[in-house]
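First comes the structure, then the notes that go with it.
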Amino acid sequence: ALRFCAFPVLCSASHTPAMDSKASSNGAGTDPVAVGLQGGIMLGEQLSTSKDIRSTIKSFVNSNSMRTPLCVPGHELLDLMGFTRAEQHRGILEKLKERLLARIDTLPTEKQLALLERCFPYISIPDLREVPLRIFAVVPRVPTVYLSALAQNKGIFAELPISVRRQVWTTDAGHKLLSEHVRSLTSQYRLHSRAISLSAGLVPAA
């Protein structure tokens, strides 16, 4: 268990330079990554033309696994200890996310927006959502392209800071959300007022 606790720290430390190198070589970072819905689409496309399903899945997993030699012995040890790869990867993910969140507030705005461009496609994944939400909370103004996309998902919209929700409401796509919000508040006010009136009528006169 102690080795497992240290393993995410070790791998996250060794993996970060590789990530930075990839980011610098890919520019805006628009290359597809096999994560979430995008990963499912990529795997589906490969399986649709595959003549050997088992071999294709194995190749896909190998191609999209972490390429950090320092982590290989740790993975193999934890395999023997009974930890699944999902558990191991989750530990690495949480440690990397913790380190990234700690840096976001101190980054210049242009770097915050560059990071947002790379991580926004994965906002629908609960484990990754905290990163773009943190960036939205600290940038002076959220670019319109993200505001329009946020207006399309009520679940994610509900998690946004109120300052960002106000920006979404100003977009054409956000007008409907604003109307729904106002109707909800009006309805709550009416119910509250009616409840007060009924309560007052039940109280005997002094």
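Chain identifiers are assigned as A, B, and so on, following the order in which chains appear in the structure tokens; residues are numbered from 1 within each chain, and ligands are numbered from 1 in order of appearance.
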Would you list the contacts of Ser124 of chain A as a PyMOL selection string, taking every protein, DNA or RNA residue within 12 Å and counting only C-alpha atoms, but skipping same-chain residues closer than 5 positions in sequence?
-> chain A and resi 35-38+119+129-133+149-150+152-157+159
With N, CA, C and O atoms kept, could you save the residues just selected as a PDB file, in the first residue's frame?
```
ATOM      1  N   VAL A  35      -9.325   9.682 -25.264  1.00  0.00           N
ATOM      2  CA  VAL A  35      -9.906   9.869 -23.939  1.00  0.00           C
ATOM      3  C   VAL A  35     -11.394  10.106 -24.098  1.00  0.00           C
ATOM      4  O   VAL A  35     -11.827  10.853 -24.975  1.00  0.00           O
ATOM      5  N   GLY A  36     -12.200   9.475 -23.245  1.00  0.00           N
ATOM      6  CA  GLY A  36     -13.637   9.718 -23.243  1.00  0.00           C
ATOM      7  C   GLY A  36     -14.304   9.357 -24.557  1.00  0.00           C
ATOM      8  O   GLY A  36     -13.986   8.350 -25.195  1.00  0.00           O
ATOM      9  N   LEU A  37     -15.243  10.211 -24.986  1.00  0.00           N
ATOM     10  CA  LEU A  37     -15.995   9.968 -26.204  1.00  0.00           C
ATOM     11  C   LEU A  37     -15.091   9.873 -27.420  1.00  0.00           C
ATOM     12  O   LEU A  37     -15.271   9.012 -28.296  1.00  0.00           O
ATOM     13  N   GLN A  38     -14.061  10.745 -27.477  1.00  0.00           N
ATOM     14  CA  GLN A  38     -13.126  10.720 -28.598  1.00  0.00           C
ATOM     15  C   GLN A  38     -12.412   9.377 -28.681  1.00  0.00           C
ATOM     16  O   GLN A  38     -12.218   8.820 -29.763  1.00  0.00           O
ATOM     17  N   CYS A 119      -7.703  21.272 -22.774  1.00  0.00           N
ATOM     18  CA  CYS A 119      -8.483  20.429 -21.858  1.00  0.00           C
ATOM     19  C   CYS A 119      -9.995  20.561 -22.030  1.00  0.00           C
ATOM     20  O   CYS A 119     -10.739  19.687 -21.568  1.00  0.00           O
ATOM     21  N   ARG A 129     -13.102  17.388 -15.418  1.00  0.00           N
ATOM     22  CA  ARG A 129     -13.881  18.636 -15.518  1.00  0.00           C
ATOM     23  C   ARG A 129     -13.348  19.744 -14.634  1.00  0.00           C
ATOM     24  O   ARG A 129     -13.454  20.931 -14.970  1.00  0.00           O
ATOM     25  N   GLU A 130     -12.759  19.393 -13.509  1.00  0.00           N
ATOM     26  CA  GLU A 130     -12.321  20.400 -12.553  1.00  0.00           C
ATOM     27  C   GLU A 130     -11.280  21.349 -13.146  1.00  0.00           C
ATOM     28  O   GLU A 130     -11.214  22.524 -12.755  1.00  0.00           O
ATOM     29  N   VAL A 131     -10.484  20.870 -14.091  1.00  0.00           N
ATOM     30  CA  VAL A 131      -9.433  21.717 -14.661  1.00  0.00           C
ATOM     31  C   VAL A 131     -10.024  22.863 -15.488  1.00  0.00           C
ATOM     32  O   VAL A 131      -9.726  24.033 -15.216  1.00  0.00           O
ATOM     33  N   PRO A 132     -10.867  22.595 -16.511  1.00  0.00           N
ATOM     34  CA  PRO A 132     -11.438  23.728 -17.242  1.00  0.00           C
ATOM     35  C   PRO A 132     -12.324  24.616 -16.370  1.00  0.00           C
ATOM     36  O   PRO A 132     -12.359  25.841 -16.563  1.00  0.00           O
ATOM     37  N   LEU A 133     -13.017  24.038 -15.394  1.00  0.00           N
ATOM     38  CA  LEU A 133     -13.846  24.864 -14.516  1.00  0.00           C
ATOM     39  C   LEU A 133     -12.993  25.836 -13.717  1.00  0.00           C
ATOM     40  O   LEU A 133     -13.390  26.996 -13.507  1.00  0.00           O
ATOM     41  N   ALA A 149     -20.635  26.776 -26.347  1.00  0.00           N
ATOM     42  CA  ALA A 149     -20.630  25.333 -26.095  1.00  0.00           C
ATOM     43  C   ALA A 149     -21.198  25.021 -24.714  1.00  0.00           C
ATOM     44  O   ALA A 149     -21.946  24.044 -24.548  1.00  0.00           O
ATOM     45  N   LEU A 150     -20.877  25.838 -23.728  1.00  0.00           N
ATOM     46  CA  LEU A 150     -21.370  25.610 -22.371  1.00  0.00           C
ATOM     47  C   LEU A 150     -22.889  25.744 -22.289  1.00  0.00           C
ATOM     48  O   LEU A 150     -23.541  25.087 -21.475  1.00  0.00           O
ATOM     49  N   GLN A 152     -24.949  24.628 -24.250  1.00  0.00           N
ATOM     50  CA  GLN A 152     -25.600  23.430 -24.794  1.00  0.00           C
ATOM     51  C   GLN A 152     -25.693  22.297 -23.771  1.00  0.00           C
ATOM     52  O   GLN A 152     -26.357  21.297 -24.032  1.00  0.00           O
ATOM     53  N   ASN A 153     -25.035  22.428 -22.637  1.00  0.00           N
ATOM     54  CA  ASN A 153     -25.021  21.356 -21.640  1.00  0.00           C
ATOM     55  C   ASN A 153     -25.466  21.913 -20.291  1.00  0.00           C
ATOM     56  O   ASN A 153     -24.693  22.566 -19.596  1.00  0.00           O
ATOM     57  N   LYS A 154     -26.708  21.636 -19.915  1.00  0.00           N
ATOM     58  CA  LYS A 154     -27.264  22.201 -18.688  1.00  0.00           C
ATOM     59  C   LYS A 154     -26.570  21.653 -17.446  1.00  0.00           C
ATOM     60  O   LYS A 154     -26.444  22.356 -16.442  1.00  0.00           O
ATOM     61  N   GLY A 155     -26.131  20.392 -17.512  1.00  0.00           N
ATOM     62  CA  GLY A 155     -25.462  19.803 -16.358  1.00  0.00           C
ATOM     63  C   GLY A 155     -24.168  20.509 -16.037  1.00  0.00           C
ATOM     64  O   GLY A 155     -23.901  20.854 -14.877  1.00  0.00           O
ATOM     65  N   ILE A 156     -23.338  20.742 -17.055  1.00  0.00           N
ATOM     66  CA  ILE A 156     -22.072  21.439 -16.859  1.00  0.00           C
ATOM     67  C   ILE A 156     -22.329  22.912 -16.538  1.00  0.00           C
ATOM     68  O   ILE A 156     -21.656  23.505 -15.687  1.00  0.00           O
ATOM     69  N   PHE A 157     -23.320  23.505 -17.201  1.00  0.00           N
ATOM     70  CA  PHE A 157     -23.663  24.911 -16.951  1.00  0.00           C
ATOM     71  C   PHE A 157     -23.968  25.140 -15.477  1.00  0.00           C
ATOM     72  O   PHE A 157     -23.575  26.151 -14.900  1.00  0.00           O
ATOM     73  N   GLU A 159     -22.702  23.787 -12.970  1.00  0.00           N
ATOM     74  CA  GLU A 159     -21.491  23.732 -12.141  1.00  0.00           C
ATOM     75  C   GLU A 159     -20.605  24.963 -12.314  1.00  0.00           C
ATOM     76  O   GLU A 159     -19.616  25.121 -11.599  1.00  0.00           O
TER      77      GLU A 159
END
```
Distance query Val139 of chain A at most 12 Å, only C-alpha atoms, self and fewer than 6 positions along chain excluded, as a PyMOL selection string = chain A and resi 104-116+132-133+161+163-164
Expected file contents, prior selection, N, CA, C and O atoms, as a PDB file, in the first residue's frame:
```pdb
ATOM      1  N   ILE A 104      -2.553  26.627 -11.875  1.00  0.00           N
ATOM      2  CA  ILE A 104      -3.402  27.398 -12.787  1.00  0.00           C
ATOM      3  C   ILE A 104      -3.512  28.863 -12.387  1.00  0.00           C
ATOM      4  O   ILE A 104      -3.387  29.763 -13.221  1.00  0.00           O
ATOM      5  N   ASP A 105      -3.736  29.135 -11.106  1.00  0.00           N
ATOM      6  CA  ASP A 105      -3.962  30.515 -10.665  1.00  0.00           C
ATOM      7  C   ASP A 105      -2.755  31.417 -10.917  1.00  0.00           C
ATOM      8  O   ASP A 105      -2.907  32.638 -11.045  1.00  0.00           O
ATOM      9  N   THR A 106      -1.557  30.848 -10.964  1.00  0.00           N
ATOM     10  CA  THR A 106      -0.348  31.661 -11.118  1.00  0.00           C
ATOM     11  C   THR A 106       0.111  31.792 -12.571  1.00  0.00           C
ATOM     12  O   THR A 106       1.056  32.519 -12.845  1.00  0.00           O
ATOM     13  N   LEU A 107      -0.556  31.112 -13.488  1.00  0.00           N
ATOM     14  CA  LEU A 107      -0.172  31.181 -14.896  1.00  0.00           C
ATOM     15  C   LEU A 107      -0.623  32.503 -15.508  1.00  0.00           C
ATOM     16  O   LEU A 107      -1.666  33.054 -15.130  1.00  0.00           O
ATOM     17  N   PRO A 108       0.116  33.043 -16.482  1.00  0.00           N
ATOM     18  CA  PRO A 108      -0.351  34.207 -17.227  1.00  0.00           C
ATOM     19  C   PRO A 108      -1.639  33.843 -17.979  1.00  0.00           C
ATOM     20  O   PRO A 108      -1.874  32.675 -18.303  1.00  0.00           O
ATOM     21  N   THR A 109      -2.450  34.841 -18.270  1.00  0.00           N
ATOM     22  CA  THR A 109      -3.741  34.593 -18.923  1.00  0.00           C
ATOM     23  C   THR A 109      -3.590  33.846 -20.234  1.00  0.00           C
ATOM     24  O   THR A 109      -4.371  32.937 -20.543  1.00  0.00           O
ATOM     25  N   GLU A 110      -2.567  34.191 -21.025  1.00  0.00           N
ATOM     26  CA  GLU A 110      -2.410  33.526 -22.323  1.00  0.00           C
ATOM     27  C   GLU A 110      -2.125  32.028 -22.155  1.00  0.00           C
ATOM     28  O   GLU A 110      -2.590  31.205 -22.959  1.00  0.00           O
ATOM     29  N   LYS A 111      -1.397  31.669 -21.094  1.00  0.00           N
ATOM     30  CA  LYS A 111      -1.134  30.250 -20.855  1.00  0.00           C
ATOM     31  C   LYS A 111      -2.359  29.547 -20.294  1.00  0.00           C
ATOM     32  O   LYS A 111      -2.590  28.360 -20.565  1.00  0.00           O
ATOM     33  N   GLN A 112      -3.140  30.260 -19.510  1.00  0.00           N
ATOM     34  CA  GLN A 112      -4.396  29.687 -19.024  1.00  0.00           C
ATOM     35  C   GLN A 112      -5.327  29.361 -20.192  1.00  0.00           C
ATOM     36  O   GLN A 112      -5.950  28.291 -20.231  1.00  0.00           O
ATOM     37  N   LEU A 113      -5.393  30.278 -21.168  1.00  0.00           N
ATOM     38  CA  LEU A 113      -6.254  30.048 -22.333  1.00  0.00           C
ATOM     39  C   LEU A 113      -5.710  28.937 -23.216  1.00  0.00           C
ATOM     40  O   LEU A 113      -6.480  28.161 -23.804  1.00  0.00           O
ATOM     41  N   ALA A 114      -4.376  28.836 -23.301  1.00  0.00           N
ATOM     42  CA  ALA A 114      -3.778  27.748 -24.080  1.00  0.00           C
ATOM     43  C   ALA A 114      -4.087  26.403 -23.435  1.00  0.00           C
ATOM     44  O   ALA A 114      -4.390  25.418 -24.123  1.00  0.00           O
ATOM     45  N   LEU A 115      -4.018  26.356 -22.114  1.00  0.00           N
ATOM     46  CA  LEU A 115      -4.357  25.130 -21.389  1.00  0.00           C
ATOM     47  C   LEU A 115      -5.838  24.807 -21.559  1.00  0.00           C
ATOM     48  O   LEU A 115      -6.215  23.650 -21.735  1.00  0.00           O
ATOM     49  N   LEU A 116      -6.677  25.839 -21.538  1.00  0.00           N
ATOM     50  CA  LEU A 116      -8.118  25.636 -21.723  1.00  0.00           C
ATOM     51  C   LEU A 116      -8.414  25.011 -23.078  1.00  0.00           C
ATOM     52  O   LEU A 116      -9.268  24.124 -23.203  1.00  0.00           O
ATOM     53  N   PRO A 132     -10.867  22.595 -16.511  1.00  0.00           N
ATOM     54  CA  PRO A 132     -11.438  23.728 -17.242  1.00  0.00           C
ATOM     55  C   PRO A 132     -12.324  24.616 -16.370  1.00  0.00           C
ATOM     56  O   PRO A 132     -12.359  25.841 -16.563  1.00  0.00           O
ATOM     57  N   LEU A 133     -13.017  24.038 -15.394  1.00  0.00           N
ATOM     58  CA  LEU A 133     -13.846  24.864 -14.516  1.00  0.00           C
ATOM     59  C   LEU A 133     -12.993  25.836 -13.717  1.00  0.00           C
ATOM     60  O   LEU A 133     -13.390  26.996 -13.507  1.00  0.00           O
ATOM     61  N   PRO A 161     -19.105  28.769 -12.193  1.00  0.00           N
ATOM     62  CA  PRO A 161     -19.186  29.908 -11.274  1.00  0.00           C
ATOM     63  C   PRO A 161     -20.218  30.908 -11.803  1.00  0.00           C
ATOM     64  O   PRO A 161     -20.413  31.020 -13.015  1.00  0.00           O
ATOM     65  N   SER A 163     -20.121  33.996 -12.156  1.00  0.00           N
ATOM     66  CA  SER A 163     -19.536  34.993 -13.057  1.00  0.00           C
ATOM     67  C   SER A 163     -19.480  34.478 -14.494  1.00  0.00           C
ATOM     68  O   SER A 163     -19.642  35.242 -15.453  1.00  0.00           O
ATOM     69  N   VAL A 164     -19.253  33.177 -14.648  1.00  0.00           N
ATOM     70  CA  VAL A 164     -19.199  32.580 -15.979  1.00  0.00           C
ATOM     71  C   VAL A 164     -20.605  32.366 -16.519  1.00  0.00           C
ATOM     72  O   VAL A 164     -20.865  32.554 -17.703  1.00  0.00           O
TER      73      VAL A 164
END
```
Tell me, as a ChimeraX atom specification, which residues lie within 12 Å of segment 39-49 of chain A, counting only C-alpha atoms; anything in the same chain fewer than 2 positions away does not count.
-> /A:32-37,51-61,63-64,121-122,125
Among the residues of segment 20-183 of chain A, find those DSSP assigns to alpha helix (DSSP H) from the backbone and print them as number ranges by chain.
-> A: 20-26, 36-48, 53-63, 71-81, 85-104, 109-119, 126-138, 144-150, 154-159, 162-169, 175-183
